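Asker: Got a structure for you, questions after.
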Amino acid sequence: MPAQVMPDQSLHGIPLLSRDNSNPPSPRRLEGKVAIVTGGARGIGEATVRLFAKHGAKVVIADVEDTPGTILANSLSPSVTFFHCDVSQEEDVENLINSTISHYGRLDIMFNNAGVLGNQPKNKSILNFDPDEFDRVMRVNVKGVALGIKHAARVMIPRGVGCIISTASVAGVMGGLGPHAYTASKHAIVGLTKNTACELGRYGIRVNCISPFGVATSMLINAWRSGDEAESGDGDDDFMSFGLPSEHEVEKTEEFVRGLANLKGPTLRAKDIAEAALYLGSDESKYISGHNLVVDGGITTSRNCIGL
């Protein structure tokens, strides 16, 4: 009768898997890295700050919302700090980068996440085009990203390494998914990503962006709820006047997004975008640059127009 092979023995020289089903702790994928997250006080930014810190990064929250930014930083201290920054002001962005270098001696990851949605219902039609609002959206969404790339690259080039990520949108991939100013700004971010990746690759710097579909953040819900602007990262107090959305509003927004997505089942949440940023910021994506990582449940590539 052949001898039985025990679980901890090998079969033909090949070790057998252990029957211990406990999950080993996942590696800290950003250990020793220093990251900046703009618009980091709420929503996608907050989720990213928490995830980056969990994976061993020193994180600087950059935002105009001092109270939630400081509370978040204090809750994750000492690995997370807060810095007041209006990304549309070059002096603020320059000071943010200089302060980070002064404090930590390096910058590994720059996540340009701050942005505004604009006045959603009022400006759906080009006939209602508001030049002042267009300038304002572009100033935060596009100028803010360009300044973030500029000053991050300034300190990354001498080290010959670095990772720059920006938040774009599905509205920057195809038409009909956002108002005109917002759509124009997100197309511009995708273009900036590709162009700066071309320039900065010779210095070992990777430049990528993430294009989410609708995430039920306070910013999105407040914009759809009221028709007034809801902000993250540009200094207006309107955002705070609406307060946090109710659980019912979050569920309704998530249900609406699920209904539009081609991929049925999962619900898109802020942490999913944070996971995408974690991948692009980690060494696992060391050969990825100039890429727009679309996180949309297939909506921009799988529109089922003929009932397949």
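In the structure tokens, the first chain shown is A, the next is B, and so on; residue numbers restart at 1 for each chain, and ligands run from 1 in the order shown.
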Please extract the residues of stretch 98-265 of chain A with a backbone DSSP assignment of strand (DSSP E or B) and present them as JSON, numbers by chain.
Answerer: {"A": [109, 110, 111, 112, 115, 116, 162, 163, 164, 165, 166, 167, 205, 206, 207, 208, 209, 210, 211, 212, 231, 232]}
Asker: Using N, CA and C atoms, can you write the selected residues to a file as a PDB file, in the first residue's frame?
Answerer:
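File written: result_10.pdb
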ATOM      1  N   ILE A 109       5.883  60.632  -5.435  1.00  0.00           N
ATOM      2  CA  ILE A 109       4.582  60.556  -6.117  1.00  0.00           C
ATOM      3  C   ILE A 109       3.858  61.889  -5.987  1.00  0.00           C
ATOM      4  N   MET A 110       3.460  62.442  -7.111  1.00  0.00           N
ATOM      5  CA  MET A 110       2.616  63.642  -7.134  1.00  0.00           C
ATOM      6  C   MET A 110       1.271  63.247  -7.728  1.00  0.00           C
ATOM      7  N   PHE A 111       0.215  63.313  -6.922  1.00  0.00           N
ATOM      8  CA  PHE A 111      -1.128  62.972  -7.400  1.00  0.00           C
ATOM      9  C   PHE A 111      -1.942  64.257  -7.514  1.00  0.00           C
ATOM     10  N   ASN A 112      -2.090  64.746  -8.744  1.00  0.00           N
ATOM     11  CA  ASN A 112      -2.877  65.952  -9.021  1.00  0.00           C
ATOM     12  C   ASN A 112      -4.351  65.569  -9.086  1.00  0.00           C
ATOM     13  N   GLY A 115      -9.917  69.224  -8.133  1.00  0.00           N
ATOM     14  CA  GLY A 115     -10.679  69.656  -9.305  1.00  0.00           C
ATOM     15  C   GLY A 115     -12.066  70.124  -8.931  1.00  0.00           C
ATOM     16  N   VAL A 116     -12.751  70.736  -9.894  1.00  0.00           N
ATOM     17  CA  VAL A 116     -14.131  71.178  -9.706  1.00  0.00           C
ATOM     18  C   VAL A 116     -14.992  70.621 -10.830  1.00  0.00           C
ATOM     19  N   GLY A 162      10.611  59.349 -10.567  1.00  0.00           N
ATOM     20  CA  GLY A 162       9.412  59.980 -10.019  1.00  0.00           C
ATOM     21  C   GLY A 162       8.166  59.505 -10.720  1.00  0.00           C
ATOM     22  N   CYS A 163       7.034  59.724 -10.064  1.00  0.00           N
ATOM     23  CA  CYS A 163       5.745  59.302 -10.604  1.00  0.00           C
ATOM     24  C   CYS A 163       4.746  60.443 -10.445  1.00  0.00           C
ATOM     25  N   ILE A 164       4.134  60.855 -11.547  1.00  0.00           N
ATOM     26  CA  ILE A 164       3.122  61.910 -11.524  1.00  0.00           C
ATOM     27  C   ILE A 164       1.808  61.318 -12.037  1.00  0.00           C
ATOM     28  N   ILE A 165       0.757  61.488 -11.254  1.00  0.00           N
ATOM     29  CA  ILE A 165      -0.564  60.970 -11.599  1.00  0.00           C
ATOM     30  C   ILE A 165      -1.552  62.134 -11.536  1.00  0.00           C
ATOM     31  N   SER A 166      -2.514  62.160 -12.438  1.00  0.00           N
ATOM     32  CA  SER A 166      -3.550  63.188 -12.403  1.00  0.00           C
ATOM     33  C   SER A 166      -4.921  62.538 -12.543  1.00  0.00           C
ATOM     34  N   THR A 167      -5.922  63.164 -11.941  1.00  0.00           N
ATOM     35  CA  THR A 167      -7.291  62.670 -12.079  1.00  0.00           C
ATOM     36  C   THR A 167      -7.945  63.325 -13.278  1.00  0.00           C
ATOM     37  N   ILE A 205      10.990  59.744 -15.224  1.00  0.00           N
ATOM     38  CA  ILE A 205       9.738  60.151 -14.572  1.00  0.00           C
ATOM     39  C   ILE A 205       8.560  59.610 -15.372  1.00  0.00           C
ATOM     40  N   ARG A 206       7.678  58.896 -14.684  1.00  0.00           N
ATOM     41  CA  ARG A 206       6.463  58.370 -15.309  1.00  0.00           C
ATOM     42  C   ARG A 206       5.309  59.332 -15.085  1.00  0.00           C
ATOM     43  N   VAL A 207       4.498  59.559 -16.134  1.00  0.00           N
ATOM     44  CA  VAL A 207       3.343  60.453 -16.038  1.00  0.00           C
ATOM     45  C   VAL A 207       2.125  59.709 -16.563  1.00  0.00           C
ATOM     46  N   ASN A 208       1.107  59.569 -15.710  1.00  0.00           N
ATOM     47  CA  ASN A 208      -0.112  58.860 -16.083  1.00  0.00           C
ATOM     48  C   ASN A 208      -1.331  59.598 -15.524  1.00  0.00           C
ATOM     49  N   CYS A 209      -2.502  59.204 -15.965  1.00  0.00           N
ATOM     50  CA  CYS A 209      -3.729  59.756 -15.381  1.00  0.00           C
ATOM     51  C   CYS A 209      -4.763  58.650 -15.206  1.00  0.00           C
ATOM     52  N   ILE A 210      -5.771  58.955 -14.406  1.00  0.00           N
ATOM     53  CA  ILE A 210      -6.867  58.025 -14.112  1.00  0.00           C
ATOM     54  C   ILE A 210      -8.173  58.687 -14.524  1.00  0.00           C
ATOM     55  N   SER A 211      -9.009  57.967 -15.239  1.00  0.00           N
ATOM     56  CA  SER A 211     -10.298  58.506 -15.663  1.00  0.00           C
ATOM     57  C   SER A 211     -11.435  57.706 -15.040  1.00  0.00           C
ATOM     58  N   PRO A 212     -11.967  58.187 -13.918  1.00  0.00           N
ATOM     59  CA  PRO A 212     -13.080  57.477 -13.279  1.00  0.00           C
ATOM     60  C   PRO A 212     -14.412  57.780 -13.955  1.00  0.00           C
ATOM     61  N   GLU A 231     -17.164  71.915  -4.591  1.00  0.00           N
ATOM     62  CA  GLU A 231     -15.751  72.093  -4.852  1.00  0.00           C
ATOM     63  C   GLU A 231     -14.887  71.091  -4.097  1.00  0.00           C
ATOM     64  N   SER A 232     -13.711  70.870  -4.637  1.00  0.00           N
ATOM     65  CA  SER A 232     -12.654  70.172  -3.911  1.00  0.00           C
ATOM     66  C   SER A 232     -11.330  70.707  -4.399  1.00  0.00           C
TER      67      SER A 232
END
Asker: Residues of stretch 179-233 of chain A within 12 Å of stretch 289-297 of chain A: nearest atom pair and distance (Å, one decimal) for each, counting only C-alpha atoms, sorted by chain and number, as a Markdown table?
Answerer:
| residue | atom | partner | partner_atom | distance |
| --- | --- | --- | --- | --- |
| A:Lys186 | CA | A:Asn292 | CA | 11.3 |
| A:His187 | CA | A:Asn292 | CA | 10.9 |
| A:Ile189 | CA | A:Asn292 | CA | 9.8 |
| A:Val190 | CA | A:Asn292 | CA | 6.9 |
| A:Gly191 | CA | A:Gly290 | CA | 9.3 |
| A:Leu192 | CA | A:Gly290 | CA | 9.3 |
| A:Thr193 | CA | A:Gly290 | CA | 6.0 |
| A:Lys194 | CA | A:Gly290 | CA | 4.7 |
| A:Asn195 | CA | A:Gly290 | CA | 7.8 |
| A:Thr196 | CA | A:Gly290 | CA | 7.9 |
| A:Ala197 | CA | A:Gly290 | CA | 5.0 |
| A:Cys198 | CA | A:Gly290 | CA | 7.3 |
| A:Glu199 | CA | A:Gly290 | CA | 10.2 |
| A:Leu200 | CA | A:Ser289 | CA | 9.7 |
| A:Gly201 | CA | A:Ser289 | CA | 7.8 |
| A:Arg202 | CA | A:Ser289 | CA | 11.4 |
| A:Gly204 | CA | A:Ser289 | CA | 10.0 |
| A:Ile205 | CA | A:Ser289 | CA | 8.3 |
| A:Arg206 | CA | A:Ser289 | CA | 4.9 |
| A:Val207 | CA | A:Ser289 | CA | 5.2 |
| A:Asn208 | CA | A:His291 | CA | 5.0 |
| A:Cys209 | CA | A:Asn292 | CA | 4.9 |
| A:Ile210 | CA | A:Leu293 | CA | 4.7 |
| A:Ser211 | CA | A:Val294 | CA | 4.6 |
| A:Pro212 | CA | A:Val295 | CA | 4.8 |
| A:Phe213 | CA | A:Asp296 | CA | 4.7 |
| A:Gly214 | CA | A:Asp296 | CA | 7.9 |
| A:Val215 | CA | A:Asp296 | CA | 9.7 |
Asker: Taking only C-alpha atoms into account, which of A:Leu30, A:Ala62, A:Val137, A:Ala184 comes nearest A:Asn119?
Answerer: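 Smallest separation from A:Asn119 among the options: A:Val137.
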Asker: What are the DSSP helix (DSSP H, G or I) residues of stretch 97-282 of chain A, as number ranges by chain?
Answerer: A: 97-104, 126-128, 131-159, 170-172, 180-203, 218-226, 238-242, 247-260, 270-281
Asker: With distances taken over only C-alpha atoms, which of A:Ala114, A:Glu90, A:Phe52, A:Ala276 is nearest to A:Gly40?
Answerer: A:Ala114
Asker: Give the answer as one residue: which of A:Ala181, A:Ala261, A:Ala53, A:Ala270 has the shortest atom-to-atom distance to A:Met219, using only C-alpha atoms?
Answerer: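 Among the listed residues, the smallest separation from A:Met219 belongs to A:Ala270.
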Asker: Between A:Val250, A:Val145, A:Ile36, A:Ala73, which is the closest to A:Ser88 once you count only C-alpha atoms?
Answerer: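 For A:Ser88, the nearest of the candidates is A:Val145.
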Asker: A:Glu133, A:Leu117, A:Leu147, A:Thr253: which is nearest A:Ala168, counting only C-alpha atoms?
Answerer: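 Distance minimum relative to A:Ala168 lands on A:Leu117.
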Asker: Work out how far apart atom CA of A:Asp283 and atom CA of A:Lys33 are and give it in Å to one decimal.
Answerer: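 Result for atom CA of A:Asp283 versus atom CA of A:Lys33: 10.6 Å, one decimal.
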Asker: Which of these residues is nearest to A:Leu51, using only C-alpha atoms: A:Arg303, A:His84, A:Lys271, A:Lys150?
Answerer: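 When distances to A:Leu51 are compared using only C-alpha atoms, the smallest one comes from A:Lys271.
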Asker: I'd like the neighbourhood of A:Gly45 as a PDB file with N, CA, C and O atoms, in the first residue's frame, where a residue qualifies if any of its atoms comes within 8 Å (using only C-alpha atoms), though same-chain residues fewer than 6 positions away should be ignored.
Answerer:
ATOM      1  N   VAL A  37      -0.936  64.475  -2.294  1.00  0.00           N
ATOM      2  CA  VAL A  37      -2.264  64.281  -2.879  1.00  0.00           C
ATOM      3  C   VAL A  37      -3.001  65.608  -2.802  1.00  0.00           C
ATOM      4  O   VAL A  37      -3.362  66.066  -1.714  1.00  0.00           O
ATOM      5  N   THR A  38      -3.226  66.263  -3.944  1.00  0.00           N
ATOM      6  CA  THR A  38      -3.994  67.506  -3.930  1.00  0.00           C
ATOM      7  C   THR A  38      -5.484  67.175  -3.909  1.00  0.00           C
ATOM      8  O   THR A  38      -5.908  66.126  -4.393  1.00  0.00           O
ATOM      9  N   GLY A  39      -6.276  68.072  -3.326  1.00  0.00           N
ATOM     10  CA  GLY A  39      -7.683  67.741  -3.116  1.00  0.00           C
ATOM     11  C   GLY A  39      -7.827  66.535  -2.223  1.00  0.00           C
ATOM     12  O   GLY A  39      -8.750  65.729  -2.376  1.00  0.00           O
ATOM     13  N   ASN A 113      -5.007  65.628  -7.951  1.00  0.00           N
ATOM     14  CA  ASN A 113      -6.379  65.139  -7.854  1.00  0.00           C
ATOM     15  C   ASN A 113      -7.405  66.255  -7.683  1.00  0.00           C
ATOM     16  O   ASN A 113      -8.581  66.061  -7.971  1.00  0.00           O
ATOM     17  N   ALA A 114      -6.979  67.430  -7.233  1.00  0.00           N
ATOM     18  CA  ALA A 114      -7.929  68.519  -6.975  1.00  0.00           C
ATOM     19  C   ALA A 114      -8.636  68.933  -8.258  1.00  0.00           C
ATOM     20  O   ALA A 114      -8.038  68.985  -9.331  1.00  0.00           O
ATOM     21  N   ALA A 274      -8.639  55.049  -5.656  1.00  0.00           N
ATOM     22  CA  ALA A 274      -7.422  55.051  -4.846  1.00  0.00           C
ATOM     23  C   ALA A 274      -6.560  53.833  -5.164  1.00  0.00           C
ATOM     24  O   ALA A 274      -5.328  53.921  -5.217  1.00  0.00           O
TER      25      ALA A 274
END
